[in-house]
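J.: I have a structure here, written as structure tokens, and I will follow up with some questions on it.
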Amino acid sequence: MERKVRVRFAPSPTGALHIGGVRTALYNYLFAKQHNGEFIFRIEDTDSNRFVPGAEEYILESFKWLGIPFDEGVSFGGNYGPYRQSERKEIYRKYVDQLLENGHAYIAFDTPEQLDAKRQEVANFQYDASTRNSMTNSLTLSKEEVENRIANGEKYVVRAMITPNQEIVVHDIIRGDVHVNSSILDDKVLYKSADNLPTYHLANIVDDHLMEISHVIRGEEWLPSAPLHVLLYRFFGWEDTMPQFAHLSLLLKPDGNGKLSKRDGDRLGFPVFPLQWTDPKTGEISSGYRESGYFPEAVINFLALLGWNPGNDQEIMSMEEMIQLFRLEKCSRSGAKFDYEKGKWFNHIYLQKRDNHNLATRFMPTLKEKGVECDAEKLATIIGLIKSRCSFVSEFWDQCYFYFLAPESYDEKAVQKRWKEDTPNLLNALVNYIETLSDEEFNSIEVSEKMVISWCESQGYNLGAVMNPFRLSVVGALKGPHMFEITALLGKEETLRRVRKALETIA
Ligand code: GLU
């Protein structure tokens with residue numbers, strides 16, 4: 001029988017969630033949903049030194065905004081809890097003991113000072129088979145001495161006992177078989193008596209086992225830990241249920257030189273976090289995709305394609321489509337360049353897909369700020385006219401302010417180029433003609449356009465000589481949507497008022 005797919009996203013709450021972490025979570029989610037599996041949210045907080053208050057809440061809020069739901073985990077509940085590692089202390093102790101009893105681990109008393117001294121003494125010092133016999137641990141001390149030290153409250157750690165010169169193979173769905181010689185590994189610390197907590201490696205393995213995780217999909221930065229993880233599965237005798245690994249390639253700087261960092265975002269002016277983050281220690285604020293005006297579906301689509309593609313040219317995909325098409329085997333082994341301009345392009349596309357009323361609601365606060373009143377229906381119509389030129393709601397105002405405000409001034413260059421000697425005559429004639437149109441005629445884009453154009457032709461006027469100054473008068477510049485789309489919405493009275501004002505102002 002095939003194993004039930006259960007995957008997890010297991011961040012350590014050490015700060016804001018990096019956009020690469022969001023991609024890891026997204027791939028886990030797509031994989032889980034495609035296989036009708038479960039997606040679990042686990043908090044790996046056994047390193048209290050790195051704990052940052054607010055980080056867990058931030059991560060949860062990010063996924064809520066992004067529309068990536070979990071089936072189980074911290075704040076979601078489930079049958080495998082608790083899902084916060086700091087609440088699982090009692091669970092781990094027995095696995096530490098098991099490793100000690102089976103001789104796969106040993107107790108070490110070396111203080112940080114002693115370890116430092118050793119590092120000074122021995123170049124490239126590594127705590128392993130070649131050095132462990134010269135250290136202070138249960139292999140070099142008598143049993144009584146070890147017991148005495150523990151009874152006296154001396155702090156100790158438990159280290160994995162790695163046998164050198166063994167071949168370890170990490171089967172990776174993306175990378176194939178990765179062969180490692182155990183001699184390069186050190187005797188990693190698995191547990192610290194000081195806080196009675198396991199380290200990342202042990203807690204990670206024990207929890208993946210107990211939570212029946214079937215696939216570990218995570219960033220490439222964890223690949224060096226994988227051989228130890230494979231060994232731990234062996235030590236516990238859990239090889240049969242060891243999850244399958246898939247290590248995702250890195251997100252690279254836009255120029256491809258190295259890993260994308262928070263500093264690249266600051267330097268090049270784009271967010272690397274889903275939501276704005278305020279560092280609780282320094283107060284430093286980092287920008288977020290949400291606050292920068294991105295739509296969550298655009299961020300998702302953008303990220304999905306950084307390191308994976310469906311094997312054709314399709315770029316725009318709904319979550320449903322991605323769930324159908326996603327393949328771990330198709331994830332790239334080499335890093336994906338972070339192309340921020342592409343991210344903007346995705347937002348442009350998703351802005352076009354958004355309902356105009358929804359966009360109107362988002363734009364309303366800007367109008368209020370500008371002191372402009374406009375009903376939602378009319379605003380939605382205006383947005384429908386201008387949105388093809390925008391990638392963000394924040395760009396709307398520049399594209400549509402003239403619907404609400406008559407020009408205060410006129411673009412000088414355009415005036416020089418388009419306001420000719422006979423312009424006042426032409427515009428006066430246009431005003432007279434428009435006055436003969438009924439409101440109904442004027443407010444229909446098609447009718448008014450047709451009538452004004454045939455009037456121009458019948459008078460023998462050059463169309464551009466009329467329309468350019470007409471636009472300049474109404475908009476203040478030679479920009480904006482189709483002219484009659486603007487005037488139909490402004491209405492006859494306001495349009496004429498603006499043309500008359502231009503005639504008075506532009507000498
Ligand atoms: N706690 C690790 C992290 O912060 C999890 C790594 C893994 O998925 O095994 O990413």
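Identifiers for the structure tokens are assigned positionally: chains receive A, B, ... in sequence, residues are indexed from 1 per chain, and ligands are indexed from 1 in the order shown.
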Give me, as JSON, numbers by chain, the set of residues whose atoms come within 9 Å of any atom of ligand 1, counting only C-alpha atoms and all ligand atoms.
T.: {"A": [8, 9, 10, 11, 12, 13, 14, 21, 24, 42, 43, 44, 45, 200, 201, 204, 205, 208, 216, 217, 218, 219, 221, 222, 225, 226]}
J.: Take the selection from the previous step and output its residues with C-alpha atoms, as a PDB file, in the first residue's frame.
T.:
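Done, and the output landed in out08.pdb:
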ATOM      1  CA  ARG A   8       5.470  19.624   6.957  1.00  0.00           C
ATOM      2  CA  PHE A   9       6.737  23.162   6.987  1.00  0.00           C
ATOM      3  CA  ALA A  10       8.893  23.476  10.075  1.00  0.00           C
ATOM      4  CA  PRO A  11      10.281  26.969  10.538  1.00  0.00           C
ATOM      5  CA  SER A  12      12.319  28.118  13.497  1.00  0.00           C
ATOM      6  CA  PRO A  13      10.819  31.337  14.866  1.00  0.00           C
ATOM      7  CA  THR A  14      13.989  33.375  14.484  1.00  0.00           C
ATOM      8  CA  GLY A  21      10.824  29.861   2.965  1.00  0.00           C
ATOM      9  CA  THR A  24       9.395  25.889   0.341  1.00  0.00           C
ATOM     10  CA  ARG A  42       5.498  22.611  13.091  1.00  0.00           C
ATOM     11  CA  ILE A  43       7.467  25.159  15.069  1.00  0.00           C
ATOM     12  CA  GLU A  44      11.107  24.187  15.665  1.00  0.00           C
ATOM     13  CA  ASP A  45      11.963  26.325  18.665  1.00  0.00           C
ATOM     14  CA  TYR A 200      17.425  20.699  15.765  1.00  0.00           C
ATOM     15  CA  HIS A 201      18.721  17.389  14.350  1.00  0.00           C
ATOM     16  CA  ASN A 204      13.521  17.125  13.619  1.00  0.00           C
ATOM     17  CA  ILE A 205      14.016  13.380  13.096  1.00  0.00           C
ATOM     18  CA  ASP A 208       9.147  13.597  11.430  1.00  0.00           C
ATOM     19  CA  VAL A 216      10.786  16.140   3.609  1.00  0.00           C
ATOM     20  CA  ILE A 217      10.751  19.003   1.128  1.00  0.00           C
ATOM     21  CA  ARG A 218      13.066  21.765   2.272  1.00  0.00           C
ATOM     22  CA  GLY A 219      15.727  24.219   1.204  1.00  0.00           C
ATOM     23  CA  GLU A 221      20.749  24.713   2.995  1.00  0.00           C
ATOM     24  CA  TRP A 222      19.586  21.604   4.880  1.00  0.00           C
ATOM     25  CA  SER A 225      22.307  17.842   7.553  1.00  0.00           C
ATOM     26  CA  ALA A 226      20.668  15.062   5.586  1.00  0.00           C
TER      27      ALA A 226
END
J.: List as a VMD selection string the protein and nucleic acid residues near region 3-6 of chain A, meaning an atom at most 7 Å away when only C-alpha atoms are counted, but skip any in the same chain fewer than 6 places from it.
T.: chain A and resid 32 35 37 to 39 212 to 215
J.: Determine which residues of region 84-149 of chain A DSSP labels as strand (DSSP E) from the backbone of this structure, then write them out as a list in words.
T.: Ala105, Tyr106, Ile107 and Ala108 of chain A
J.: I need the residues from that last selection saved to file as a CSV table (one decimal), in the first residue's frame (with all heavy atoms), if you can.
T.:
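Saved file again.csv follows:
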chain,number,residue,atom,x,y,z
A,105,ALA,N,25.3,7.1,20.8
A,105,ALA,CA,25.5,8.5,21.3
A,105,ALA,C,26.3,8.4,22.6
A,105,ALA,O,26.3,7.3,23.2
A,105,ALA,CB,24.2,9.2,21.5
A,106,TYR,N,26.9,9.5,23.0
A,106,TYR,CA,27.6,9.5,24.3
A,106,TYR,C,27.5,10.8,24.9
A,106,TYR,O,27.1,11.8,24.2
A,106,TYR,CB,29.1,9.0,24.0
A,106,TYR,CG,29.8,9.9,23.1
A,106,TYR,CD1,30.6,11.0,23.5
A,106,TYR,CD2,29.7,9.7,21.7
A,106,TYR,CE1,31.2,11.8,22.7
A,106,TYR,CE2,30.4,10.6,20.8
A,106,TYR,CZ,31.2,11.6,21.3
A,106,TYR,OH,31.8,12.4,20.4
A,107,ILE,N,27.8,10.9,26.2
A,107,ILE,CA,27.7,12.1,27.0
A,107,ILE,C,29.0,12.8,26.9
A,107,ILE,O,30.1,12.2,27.1
A,107,ILE,CB,27.3,11.7,28.4
A,107,ILE,CG1,25.8,11.2,28.4
A,107,ILE,CG2,27.4,12.9,29.3
A,107,ILE,CD1,25.4,10.6,29.7
A,108,ALA,N,29.0,14.1,26.7
A,108,ALA,CA,30.2,14.9,26.7
A,108,ALA,C,30.1,16.1,27.7
A,108,ALA,O,29.1,16.8,27.7
A,108,ALA,CB,30.5,15.4,25.3
J.: What's the 12 Å shell around region 398-404 of chain A, counting only C-alpha atoms, without same-chain residues fewer than 6 positions away, as a ChimeraX atom specification?
T.: /A:363,366-368,370-375,378-392,410,471-481,483,485-491,494-495,498
J.: Could you please write out, as a VMD selection string, every residue of region 66-196 of chain A that DSSP assigns to helix (DSSP H, G or I)?
T.: chain A and resid 66 85 to 87 89 to 101 112 to 121 132 to 134 143 to 151 182 to 184
J.: What's around Gln98 (chain A) at 12 Å? Count only C-alpha atoms, leave out sequence neighbours fewer than 6 positions away in its own chain, and write the answer as a list in words.
T.: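 So the residues in contact are Tyr92, His104, Ala105, Tyr106, Val158, Ala160, Val206, Leu232, Phe235, Phe236 and Gly237 of chain A.
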J.: Write out, as a compact mmCIF listing (two decimals), in the first residue's frame, the residues just selected, with C-alpha atoms.
T.:
# COMPACT_ATOMS: atom_id res chain seq x y z
CA TYR A 92 12.41 13.52 23.29
CA HIS A 104 24.94 5.50 19.04
CA ALA A 105 25.50 8.48 21.26
CA TYR A 106 27.60 9.47 24.26
CA VAL A 158 24.77 14.18 24.17
CA ALA A 160 25.98 11.35 18.03
CA VAL A 206 11.96 12.26 16.07
CA LEU A 232 19.72 8.80 12.90
CA PHE A 235 20.24 4.29 14.71
CA PHE A 236 16.58 4.24 15.69
CA GLY A 237 15.75 1.37 13.32
J.: Any idea what's packed within 8 Å of Asp439 (chain A), counting only C-alpha atoms, ignoring anything in its chain fewer than 2 positions away? Could you give it as a ChimeraX atom specification?
T.: /A:437,441-443,491-492
J.: So how many Å separate CA of Lys353 (chain A) and CA of Val299 (chain A), to one decimal?
T.: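 CA of Val299 (chain A) lies at a distance of 14.3 Å from CA of Lys353 (chain A).
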J.: Find the spatial neighbours of region 116-120 of chain A, counting only C-alpha atoms, within a cut-off of 12 Å - ignore same-chain residues fewer than 4 positions away - and output them as a list in words.
T.: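 The neighbour list is Asp110, Thr111, Pro112, Asn124, Phe125, Gln126, Tyr127, Thr131, Arg132, Ser134, Met135 and Thr136 of chain A.
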J.: Which residue, A:Thr199, A:His247, A:Asp128, A:Asp47, has the smallest gap to Val178 (chain A) when you use only C-alpha atoms?
T.: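 Looking at the shortest contact to Val178 (chain A), the residue is A:His247.
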J.: Please provide the set of residues having any atom within 8 Å of region 252-258 of chain A, restricted to only C-alpha atoms, with same-chain residues fewer than 6 positions apart removed, written as a PyMOL selection string.
T.: chain A and resi 264+335-340
J.: Please write the residues from the selection above to a file, keeping all heavy atoms, as a PDB file, in the first residue's frame.
T.:
ATOM      1  N   ASP A 264      20.012  42.255  -0.231  1.00  0.00           N
ATOM      2  CA  ASP A 264      19.768  42.489  -1.664  1.00  0.00           C
ATOM      3  C   ASP A 264      18.468  43.237  -1.846  1.00  0.00           C
ATOM      4  O   ASP A 264      18.350  44.130  -2.674  1.00  0.00           O
ATOM      5  CB  ASP A 264      19.682  41.167  -2.424  1.00  0.00           C
ATOM      6  CG  ASP A 264      20.976  40.408  -2.361  1.00  0.00           C
ATOM      7  OD1 ASP A 264      22.027  41.028  -2.577  1.00  0.00           O
ATOM      8  OD2 ASP A 264      20.937  39.201  -2.051  1.00  0.00           O
ATOM      9  N   GLY A 335      20.220  26.883  -8.823  1.00  0.00           N
ATOM     10  CA  GLY A 335      19.500  27.983  -8.191  1.00  0.00           C
ATOM     11  C   GLY A 335      18.652  28.776  -9.184  1.00  0.00           C
ATOM     12  O   GLY A 335      18.941  28.819 -10.373  1.00  0.00           O
ATOM     13  N   ALA A 336      17.594  29.381  -8.673  1.00  0.00           N
ATOM     14  CA  ALA A 336      16.722  30.189  -9.527  1.00  0.00           C
ATOM     15  C   ALA A 336      17.006  31.659  -9.254  1.00  0.00           C
ATOM     16  O   ALA A 336      16.960  32.103  -8.108  1.00  0.00           O
ATOM     17  CB  ALA A 336      15.271  29.869  -9.226  1.00  0.00           C
ATOM     18  N   LYS A 337      17.308  32.402 -10.311  1.00  0.00           N
ATOM     19  CA  LYS A 337      17.550  33.841 -10.157  1.00  0.00           C
ATOM     20  C   LYS A 337      16.264  34.546  -9.784  1.00  0.00           C
ATOM     21  O   LYS A 337      15.214  34.302 -10.382  1.00  0.00           O
ATOM     22  CB  LYS A 337      18.036  34.417 -11.490  1.00  0.00           C
ATOM     23  CG  LYS A 337      19.528  34.381 -11.631  1.00  0.00           C
ATOM     24  CD  LYS A 337      19.922  35.158 -12.866  1.00  0.00           C
ATOM     25  CE  LYS A 337      21.008  34.400 -13.602  1.00  0.00           C
ATOM     26  NZ  LYS A 337      21.227  34.855 -14.942  1.00  0.00           N
ATOM     27  N   PHE A 338      16.362  35.421  -8.823  1.00  0.00           N
ATOM     28  CA  PHE A 338      15.189  36.155  -8.366  1.00  0.00           C
ATOM     29  C   PHE A 338      14.964  37.352  -9.290  1.00  0.00           C
ATOM     30  O   PHE A 338      15.661  38.357  -9.195  1.00  0.00           O
ATOM     31  CB  PHE A 338      15.409  36.617  -6.926  1.00  0.00           C
ATOM     32  CG  PHE A 338      14.170  37.112  -6.273  1.00  0.00           C
ATOM     33  CD1 PHE A 338      13.232  36.220  -5.775  1.00  0.00           C
ATOM     34  CD2 PHE A 338      13.920  38.465  -6.155  1.00  0.00           C
ATOM     35  CE1 PHE A 338      12.071  36.669  -5.171  1.00  0.00           C
ATOM     36  CE2 PHE A 338      12.764  38.923  -5.563  1.00  0.00           C
ATOM     37  CZ  PHE A 338      11.846  38.020  -5.069  1.00  0.00           C
ATOM     38  N   ASP A 339      14.019  37.209 -10.200  1.00  0.00           N
ATOM     39  CA  ASP A 339      13.770  38.254 -11.192  1.00  0.00           C
ATOM     40  C   ASP A 339      12.606  39.112 -10.710  1.00  0.00           C
ATOM     41  O   ASP A 339      11.439  38.813 -10.950  1.00  0.00           O
ATOM     42  CB  ASP A 339      13.441  37.583 -12.542  1.00  0.00           C
ATOM     43  CG  ASP A 339      13.171  38.601 -13.636  1.00  0.00           C
ATOM     44  OD1 ASP A 339      13.178  39.812 -13.340  1.00  0.00           O
ATOM     45  OD2 ASP A 339      12.933  38.172 -14.775  1.00  0.00           O
ATOM     46  N   TYR A 340      12.969  40.195 -10.041  1.00  0.00           N
ATOM     47  CA  TYR A 340      11.960  41.004  -9.382  1.00  0.00           C
ATOM     48  C   TYR A 340      10.995  41.662 -10.382  1.00  0.00           C
ATOM     49  O   TYR A 340       9.799  41.804 -10.107  1.00  0.00           O
ATOM     50  CB  TYR A 340      12.643  42.069  -8.521  1.00  0.00           C
ATOM     51  CG  TYR A 340      11.654  42.932  -7.789  1.00  0.00           C
ATOM     52  CD1 TYR A 340      10.774  42.351  -6.889  1.00  0.00           C
ATOM     53  CD2 TYR A 340      11.592  44.289  -8.009  1.00  0.00           C
ATOM     54  CE1 TYR A 340       9.851  43.122  -6.219  1.00  0.00           C
ATOM     55  CE2 TYR A 340      10.669  45.067  -7.340  1.00  0.00           C
ATOM     56  CZ  TYR A 340       9.804  44.484  -6.447  1.00  0.00           C
ATOM     57  OH  TYR A 340       8.880  45.238  -5.791  1.00  0.00           O
TER      58      TYR A 340
END
J.: Using only C-alpha atoms, which of A:Val189, A:Asn102, A:Glu57, A:Val447 sits nearest Arg234 (chain A)?
T.: A:Asn102
J.: May I ask which of the residues A:Ile285, A:Ile349, A:Ala376, A:Met242 is the closest one to Pro271 (chain A), counting only C-alpha atoms?
T.: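 Going through A:Ile285, A:Ile349, A:Ala376, A:Met242 one by one, the smallest distance to Pro271 (chain A) is for A:Ile285.
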J.: So which one's closest to Arg263 (chain A), A:Leu228, A:Phe484, A:Ser286, A:Gln244? Using only C-alpha atoms, please.
T.: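 Ranked by minimum distance to Arg263 (chain A), first place goes to A:Ser286.
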J.: Mind pulling up the distance from CA of Ala246 (chain A) to CA of Ile173 (chain A)?
T.: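 CA of Ala246 (chain A) lies at a distance of 5.1 Å from CA of Ile173 (chain A).
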